[in-house]
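K.L.:
Provided herewith: work33.cif, mmCIF, C-alpha atoms.
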data_upload
loop_
_atom_site.label_atom_id
_atom_site.label_comp_id
_atom_site.auth_asym_id
_atom_site.auth_seq_id
_atom_site.Cartn_x
_atom_site.Cartn_y
_atom_site.Cartn_z
CA MET A 1 9.13 -11.23 19.03
CA ALA A 2 8.56 -9.13 15.98
CA GLY A 3 10.27 -9.82 12.71
CA ARG A 4 9.84 -11.39 9.34
CA LYS A 5 9.26 -15.11 9.33
CA ALA A 6 11.61 -17.50 7.63
CA ALA A 7 10.94 -18.31 4.00
CA ALA A 8 8.57 -21.25 3.63
CA PRO A 9 10.61 -24.42 3.15
CA ASP A 10 9.82 -27.32 0.85
CA PRO A 11 8.60 -30.04 3.28
CA ALA A 12 9.91 -32.94 1.21
CA ARG A 13 13.36 -31.41 0.85
CA SER A 14 13.46 -30.48 4.52
CA LEU A 15 12.57 -34.02 5.61
CA ALA A 16 15.20 -35.53 3.32
CA LEU A 17 17.81 -33.19 4.77
CA LEU A 18 16.72 -33.64 8.37
CA TRP A 19 16.92 -37.42 8.23
CA GLY A 20 20.01 -37.57 6.03
CA SER A 21 23.71 -37.43 6.86
CA HIS A 22 24.96 -34.12 8.22
CA THR A 23 28.64 -35.05 8.38
CA LYS A 24 29.45 -36.03 4.80
CA PRO A 25 31.57 -33.26 3.26
CA GLY A 26 31.02 -31.94 -0.24
CA ARG A 27 33.66 -30.84 -2.73
CA SER A 28 34.22 -27.62 -0.80
CA GLY A 29 34.82 -29.55 2.41
CA LEU A 30 31.60 -28.19 3.91
CA THR A 31 29.10 -30.36 5.75
CA VAL A 32 25.45 -29.73 6.51
CA ARG A 33 26.32 -29.76 10.22
CA ALA A 34 28.90 -27.00 9.80
CA ILE A 35 26.42 -24.87 7.87
CA VAL A 36 23.71 -25.36 10.48
CA GLU A 37 26.07 -24.57 13.37
CA ALA A 38 27.21 -21.38 11.65
CA ALA A 39 23.60 -20.39 11.00
CA ILE A 40 22.63 -20.97 14.64
CA ALA A 41 25.57 -18.88 15.83
CA LEU A 42 24.50 -16.08 13.50
CA ALA A 43 20.86 -16.21 14.61
CA ASP A 44 21.88 -16.35 18.28
CA SER A 45 23.88 -13.15 17.96
CA GLU A 46 21.83 -11.18 15.43
CA GLY A 47 18.36 -12.75 15.21
CA LEU A 48 16.55 -14.67 12.51
CA ASP A 49 16.03 -11.53 10.43
CA ALA A 50 19.79 -11.33 9.92
CA LEU A 51 19.99 -14.90 8.67
CA SER A 52 20.73 -15.30 4.97
CA MET A 53 22.66 -17.79 2.92
CA ARG A 54 25.19 -15.07 2.12
CA MET A 55 25.74 -14.17 5.77
CA VAL A 56 26.23 -17.83 6.70
CA ALA A 57 28.68 -18.24 3.82
CA ASP A 58 30.61 -15.20 5.05
CA ARG A 59 30.92 -16.77 8.48
CA LEU A 60 32.25 -19.95 6.92
CA LYS A 61 34.51 -17.97 4.56
CA VAL A 62 33.15 -19.71 1.48
CA GLY A 63 31.16 -18.62 -1.55
CA THR A 64 27.41 -18.49 -1.15
CA MET A 65 26.85 -21.01 -3.95
CA SER A 66 28.84 -23.59 -1.96
CA LEU A 67 26.01 -23.65 0.57
CA TYR A 68 23.35 -24.38 -2.02
CA THR A 69 24.98 -27.70 -2.88
CA HIS A 70 24.06 -28.80 0.66
CA VAL A 71 20.95 -26.76 1.61
CA PRO A 72 18.42 -25.47 -0.97
CA GLY A 73 17.55 -22.25 0.83
CA LYS A 74 16.85 -20.33 4.03
CA GLY A 75 13.56 -22.14 4.73
CA GLU A 76 15.15 -25.58 4.75
CA LEU A 77 18.12 -24.22 6.69
CA THR A 78 15.76 -22.88 9.36
CA ASP A 79 14.15 -26.32 9.70
CA LEU A 80 17.60 -27.82 10.21
CA MET A 81 18.50 -25.15 12.78
CA PHE A 82 15.28 -25.72 14.73
CA ASP A 83 15.89 -29.45 14.91
CA GLN A 84 19.55 -29.04 15.85
CA ALA A 85 18.76 -26.56 18.63
CA TYR A 86 17.01 -29.40 20.49
CA GLY A 87 19.63 -32.02 19.68
CA ASP A 88 21.25 -32.17 23.12
CA LEU A 89 18.15 -31.52 25.19
CA TYR A 90 18.05 -34.84 27.05
CA ALA A 91 19.97 -38.00 27.67
CA ASP A 92 17.79 -41.07 27.11
CA ASP A 93 15.05 -41.32 29.76
CA GLU A 94 16.50 -38.36 31.67
CA PRO A 95 13.11 -36.72 32.38
CA VAL A 96 11.36 -39.90 33.49
CA ASN A 97 14.21 -40.66 35.91
CA GLN A 98 13.88 -37.36 37.76
CA PRO A 99 12.71 -37.46 41.40
CA GLY A 100 9.09 -36.58 42.00
CA GLY A 101 7.45 -38.92 39.50
CA TRP A 102 5.55 -37.47 36.55
CA ARG A 103 5.41 -34.05 38.19
CA GLY A 104 9.16 -33.84 38.72
CA ALA A 105 9.64 -35.03 35.14
CA LEU A 106 7.41 -32.29 33.70
CA GLU A 107 9.13 -29.65 35.82
CA PHE A 108 12.47 -30.87 34.44
CA ILE A 109 11.10 -30.82 30.89
CA ALA A 110 9.81 -27.28 31.35
CA ARG A 111 13.15 -26.01 32.65
CA ARG A 112 15.13 -27.65 29.88
CA ASN A 113 12.86 -26.15 27.21
CA TRP A 114 13.14 -22.76 28.92
CA ASP A 115 16.94 -23.04 28.75
CA VAL A 116 16.85 -23.75 25.01
CA LEU A 117 14.44 -20.89 24.29
CA THR A 118 16.43 -18.38 26.31
CA ALA A 119 19.68 -19.50 24.67
CA HIS A 120 18.16 -19.35 21.17
CA PRO A 121 15.45 -16.63 21.19
CA TRP A 122 15.23 -16.74 17.39
CA ILE A 123 13.23 -19.96 17.82
CA HIS A 124 10.22 -17.76 18.65
CA ASP A 125 10.26 -16.55 15.04
CA VAL A 126 10.16 -20.06 13.56
CA PRO A 127 6.63 -21.21 12.60
CA THR A 128 6.05 -24.43 14.52
CA VAL A 129 2.52 -25.53 13.60
CA ARG A 130 3.78 -27.49 10.59
CA THR A 131 7.43 -27.85 11.54
CA ALA A 132 9.20 -30.58 9.60
CA LEU A 133 9.62 -33.47 12.02
CA GLY A 134 13.33 -34.10 12.22
CA PRO A 135 15.03 -36.77 14.33
CA ASN A 136 15.77 -34.49 17.28
CA ILE A 137 12.25 -33.06 17.50
CA THR A 138 10.77 -36.55 17.16
CA ARG A 139 13.09 -37.89 19.87
CA LYS A 140 12.18 -34.93 22.08
CA TYR A 141 8.47 -35.69 21.72
CA GLU A 142 9.02 -39.38 22.48
CA ILE A 143 11.05 -38.69 25.62
CA GLU A 144 8.70 -35.97 26.88
CA LEU A 145 5.66 -38.21 26.58
CA ARG A 146 7.13 -41.06 28.62
CA PRO A 147 6.44 -39.56 32.07
CA LEU A 148 2.75 -39.23 31.14
CA ASP A 149 2.36 -42.80 29.94
CA GLY A 150 0.55 -45.24 32.23
CA LEU A 151 -1.16 -42.56 34.34
CA GLY A 152 -4.65 -43.29 33.01
CA LEU A 153 -4.66 -40.45 30.50
CA THR A 154 -5.77 -41.08 26.94
CA ASP A 155 -3.22 -40.57 24.16
CA VAL A 156 -4.90 -37.29 23.21
CA GLU A 157 -4.82 -36.14 26.85
CA MET A 158 -1.13 -37.02 27.09
CA ASP A 159 -0.40 -34.86 24.08
CA SER A 160 -2.62 -32.07 25.39
CA ALA A 161 -0.96 -32.12 28.82
CA LEU A 162 2.51 -31.88 27.28
CA THR A 163 1.37 -29.14 24.90
CA LEU A 164 -0.09 -27.16 27.81
CA VAL A 165 3.23 -27.24 29.65
CA LEU A 166 5.33 -26.42 26.59
CA THR A 167 3.13 -23.56 25.36
CA HIS A 168 3.32 -22.01 28.83
CA VAL A 169 7.11 -22.25 28.71
CA GLN A 170 7.17 -20.77 25.20
CA GLY A 171 4.94 -17.87 26.21
CA THR A 172 6.98 -16.89 29.25
CA ALA A 173 10.27 -17.35 27.39
CA ARG A 174 8.98 -15.14 24.58
CA ALA A 175 8.05 -12.47 27.12
CA GLY A 176 11.53 -12.73 28.59
CA ALA A 177 13.11 -12.34 25.16
CA GLU A 178 10.99 -9.26 24.45
CA GLN A 179 11.93 -7.82 27.83
CA LEU A 180 15.65 -8.23 27.13
CA ARG A 181 15.27 -6.74 23.65
CA THR A 182 13.42 -3.73 25.07
CA GLN A 183 16.14 -3.21 27.67
CA ARG A 184 18.80 -3.37 24.96
CA ASP A 185 16.99 -1.05 22.58
CA SER A 186 16.05 1.52 25.23
CA GLY A 187 19.32 1.46 27.13
CA LEU A 188 17.33 1.19 30.39
CA THR A 189 17.04 -1.72 32.78
CA ASP A 190 13.54 -2.53 33.96
CA GLN A 191 14.44 -1.10 37.38
CA GLU A 192 15.55 2.20 35.80
CA TRP A 193 12.41 2.30 33.65
CA TRP A 194 10.17 1.64 36.66
CA ARG A 195 11.83 4.39 38.71
CA GLN A 196 11.23 6.83 35.83
CA ILE A 197 7.54 6.10 35.35
CA SER A 198 6.49 5.30 38.93
CA PRO A 199 5.98 8.90 40.17
CA THR A 200 4.03 9.94 37.07
CA LEU A 201 2.01 6.73 37.10
CA THR A 202 1.01 7.31 40.71
CA THR A 203 -0.05 10.88 39.89
CA VAL A 204 -2.17 10.07 36.85
CA MET A 205 -3.83 7.06 38.48
CA THR A 206 -4.88 8.99 41.59
CA GLY A 207 -8.63 9.61 41.62
CA THR A 208 -9.34 7.43 38.58
CA ASN A 209 -11.99 4.74 38.30
CA PHE A 210 -9.36 1.99 38.10
CA PRO A 211 -8.64 1.24 41.75
CA LEU A 212 -7.76 -2.42 41.21
CA ALA A 213 -5.54 -1.73 38.21
CA GLY A 214 -3.73 0.96 40.16
CA ARG A 215 -3.33 -1.07 43.33
CA VAL A 216 -2.31 -4.36 41.73
CA GLY A 217 -0.16 -2.78 39.02
CA THR A 218 1.70 -0.74 41.62
CA ALA A 219 2.19 -3.81 43.84
CA VAL A 220 3.63 -5.79 40.91
CA GLY A 221 5.89 -2.96 39.83
CA GLU A 222 7.21 -2.44 43.35
CA HIS A 223 7.68 -6.16 43.94
CA PHE A 224 9.50 -6.95 40.69
CA GLN A 225 10.76 -3.46 39.82
CA SER A 226 9.30 -4.29 36.43
CA ALA A 227 5.98 -4.89 34.73
CA LEU A 228 6.85 -8.58 34.44
CA ASP A 229 9.17 -11.18 35.91
CA PRO A 230 9.29 -14.03 33.34
CA ALA A 231 10.96 -16.47 35.76
CA HIS A 232 8.20 -15.90 38.32
CA ALA A 233 5.55 -16.24 35.61
CA LEU A 234 7.11 -19.53 34.55
CA SER A 235 7.13 -20.97 38.08
CA PHE A 236 3.68 -19.72 39.05
CA GLY A 237 2.05 -20.94 35.85
CA LEU A 238 3.85 -24.27 35.90
CA THR A 239 2.77 -24.98 39.48
CA THR A 240 -0.83 -24.11 38.61
CA ILE A 241 -0.79 -26.27 35.48
CA LEU A 242 0.68 -29.25 37.31
CA ASP A 243 -1.83 -28.90 40.15
CA GLY A 244 -4.60 -29.13 37.55
CA LEU A 245 -3.02 -32.15 35.89
CA ALA A 246 -2.69 -33.82 39.29
CA GLN A 247 -6.44 -33.52 39.78
CA LEU A 248 -7.11 -34.95 36.32
CA ILE A 249 -4.79 -37.89 36.93
CA ALA A 250 -6.31 -38.50 40.35
CA SER A 251 -9.79 -38.55 38.80
CA ARG A 252 -8.66 -41.22 36.35
CA SER A 253 -7.31 -43.33 39.22
CA ALA A 254 -10.54 -42.95 41.14
CA VAL A 255 -12.56 -44.27 38.20
CA GLU A 256 -10.35 -47.34 38.00
#
Translate the structure of the given file into structure tokens.

P.N.:
Amino acid sequence: MAGRKAAAPDPARSLALLWGSHTKPGRSGLTVRAIVEAAIALADSEGLDALSMRMVADRLKVGTMSLYTHVPGKGELTDLMFDQAYGDLYADDEPVNQPGGWRGALEFIARRNWDVLTAHPWIHDVPTVRTALGPNITRKYEIELRPLDGLGLTDVEMDSALTLVLTHVQGTARAGAEQLRTQRDSGLTDQEWWRQISPTLTTVMTGTNFPLAGRVGTAVGEHFQSALDPAHALSFGLTTILDGLAQLIASRSAVE
């Protein structure tokens, strides 16, 4: 999703905020939790580009300077928002207790992450390579690794397997967010768009040297009435990824 990235936060200040108390009110009666919740609501409705300390203050009906006594700036606020967005992702050991063993657990993890990303599409605009590790993100990582423990994978392989699943979810969720934004901006559903371009596309592709592109592209468009179905892409990719992991895990068992 296009857009400016959040201002770079100070890692030390972000960590102190993330692991500190979010419920202690200041002189204005504000709490860090209230600020973060207002910021998430703003980003959910208007995107991360619309997020500013002033806009959050307006939502809370307080002066902007009141926010700075709790949160130093937009960068640190974004770190807090990112961590909070994953705060209610799982009950303890919920993934590992799903039917279907490790595979059922990873399917559950994928779906839960998909739900968060579709509910909060602004997350796609948050840089995650060096995200400050807050309590919710750390807990998420701990819980998501548990189904992979004891399968014969090395620690690095466990992390890589989880990363493979989560990056697939992120990619398909991002495509879904872009699809919805395009529909909103154009005023056309994907079905309406496909009906508009299909006759012309058939005409211009006839007699070209792209027989596979024409045949497969037309089949996809007719099947989904769109160039992409993110939910199908999620399921197809997840099944393929888990099939590959099953072979890796089986190879480890065979060696033992």

K.L.:
Using all atoms listed in the file, which residues sit within 8 Å of Asp229 (chain A) once same-chain residues fewer than 4 positions away are excluded, as a compact mmCIF listing (two decimals) with C-alpha atoms, in the frame of the given file?

P.N.:
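Everything below was put into result_1.txt:
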# COMPACT_ATOMS: atom_id res chain seq x y z
CA GLY A 176 11.53 -12.73 28.59
CA PHE A 224 9.50 -6.95 40.69
CA ALA A 233 5.55 -16.24 35.61

K.L.:
Between region 84-191 of chain A and region 28-42 of chain A, at 9 Å or less, what are the per-residue closest atom pairs and their distances in Å? Count all atoms listed in the file, order by chain and rising residue number, and return it as CSV.

P.N.:
residue,atom,partner,partner_atom,distance
A:Gln84,CA,A:Val36,CA,7.7
A:Ala85,CA,A:Ile40,CA,7.9
A:His120,CA,A:Ile40,CA,8.1
A:Trp122,CA,A:Ile40,CA,9.0

K.L.:
Written as a list of chain:residue names, which residues does the PyMOL selection byres ((chain A and resi 90) around 10) give for the file shown?

P.N.:
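Against this file, the PyMOL selection byres ((chain A and resi 90) around 10) returns the residues A:Tyr86, A:Gly87, A:Asp88, A:Leu89, A:Ala91, A:Asp92, A:Asp93, A:Glu94, A:Pro95, A:Ile109, A:Arg112, A:Arg139, A:Lys140, A:Ile143, A:Glu144.
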
K.L.:
Please write as a list in words the full residue list that the PyMOL selection byres ((chain A and resi 189-192) around 9) yields on this file.

P.N.:
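Selection result, ordered by chain and number: Gln179, Leu180, Thr182, Gln183, Arg184, Ser186, Gly187, Leu188, Trp193, Trp194, Arg195, Gln196, Ile197, Phe224, Gln225, Ser226 and Ala227 of chain A.
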
K.L.:
Can you give me, as a list in words, the residues this file yields under the PyMOL selection byres ((chain A and resi 82) around 9)?

P.N.:
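Those residues are Ile40, Leu77, Thr78, Asp79, Leu80, Met81, Asp83, Gln84, Ala85, Tyr86, Ile123, Val126, Thr131, Gly134 and Ile137 of chain A.
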
K.L.:
Just give me the gap between CA of Asp243 (chain A) and CA of Asp159 (chain A) in Å, one decimal is fine.

P.N.:
17.2 Å

K.L.:
Which polymer residues, whether protein, DNA or RNA, lie within 12 Å of the coordinate (4.3, -24.3, 31.7) when you count only C-alpha atoms? List them as a ChimeraX atom specification, using the chain letters and numbers from the file.

P.N.:
/A:103,106-114,161-173,230-245

K.L.:
Between CA of Arg174 (chain A) and CA of Leu153 (chain A), what is the spacing in Å?

P.N.:
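Interatomic distance here is 29.4 Å.
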
K.L.:
List the spatial neighbours of region 54-58 of chain A as a ChimeraX atom specification - criterion: any atom at most 7 Å away, all atoms listed in the file, same-chain residues fewer than 3 positions off excluded.

P.N.:
/A:38-39,51,61-64,67

K.L.:
Counting only C-alpha atoms, give me one row per residue of region 124-224 of chain A with an atom at most 8 Å from an atom of region 10-21 of chain A, showing the shortest contact pair and its distance in Å to one decimal, sorted by chain then residue number, as JSON lines.

P.N.:
{"residue": "A:Ala132", "atom": "CA", "partner": "A:Leu15", "partner_atom": "CA", "distance": 6.3}
{"residue": "A:Leu133", "atom": "CA", "partner": "A:Leu15", "partner_atom": "CA", "distance": 7.1}
{"residue": "A:Gly134", "atom": "CA", "partner": "A:Leu18", "partner_atom": "CA", "distance": 5.2}
{"residue": "A:Pro135", "atom": "CA", "partner": "A:Trp19", "partner_atom": "CA", "distance": 6.4}

K.L.:
Just C-alpha atoms for this one: save the residues we selected as a PDB file, in the coordinates of the input.

P.N.:
ATOM      1  CA  ALA A 132       9.200 -30.580   9.600  1.00  0.00           C
ATOM      2  CA  LEU A 133       9.620 -33.470  12.020  1.00  0.00           C
ATOM      3  CA  GLY A 134      13.330 -34.100  12.220  1.00  0.00           C
ATOM      4  CA  PRO A 135      15.030 -36.770  14.330  1.00  0.00           C
TER       5      PRO A 135
END
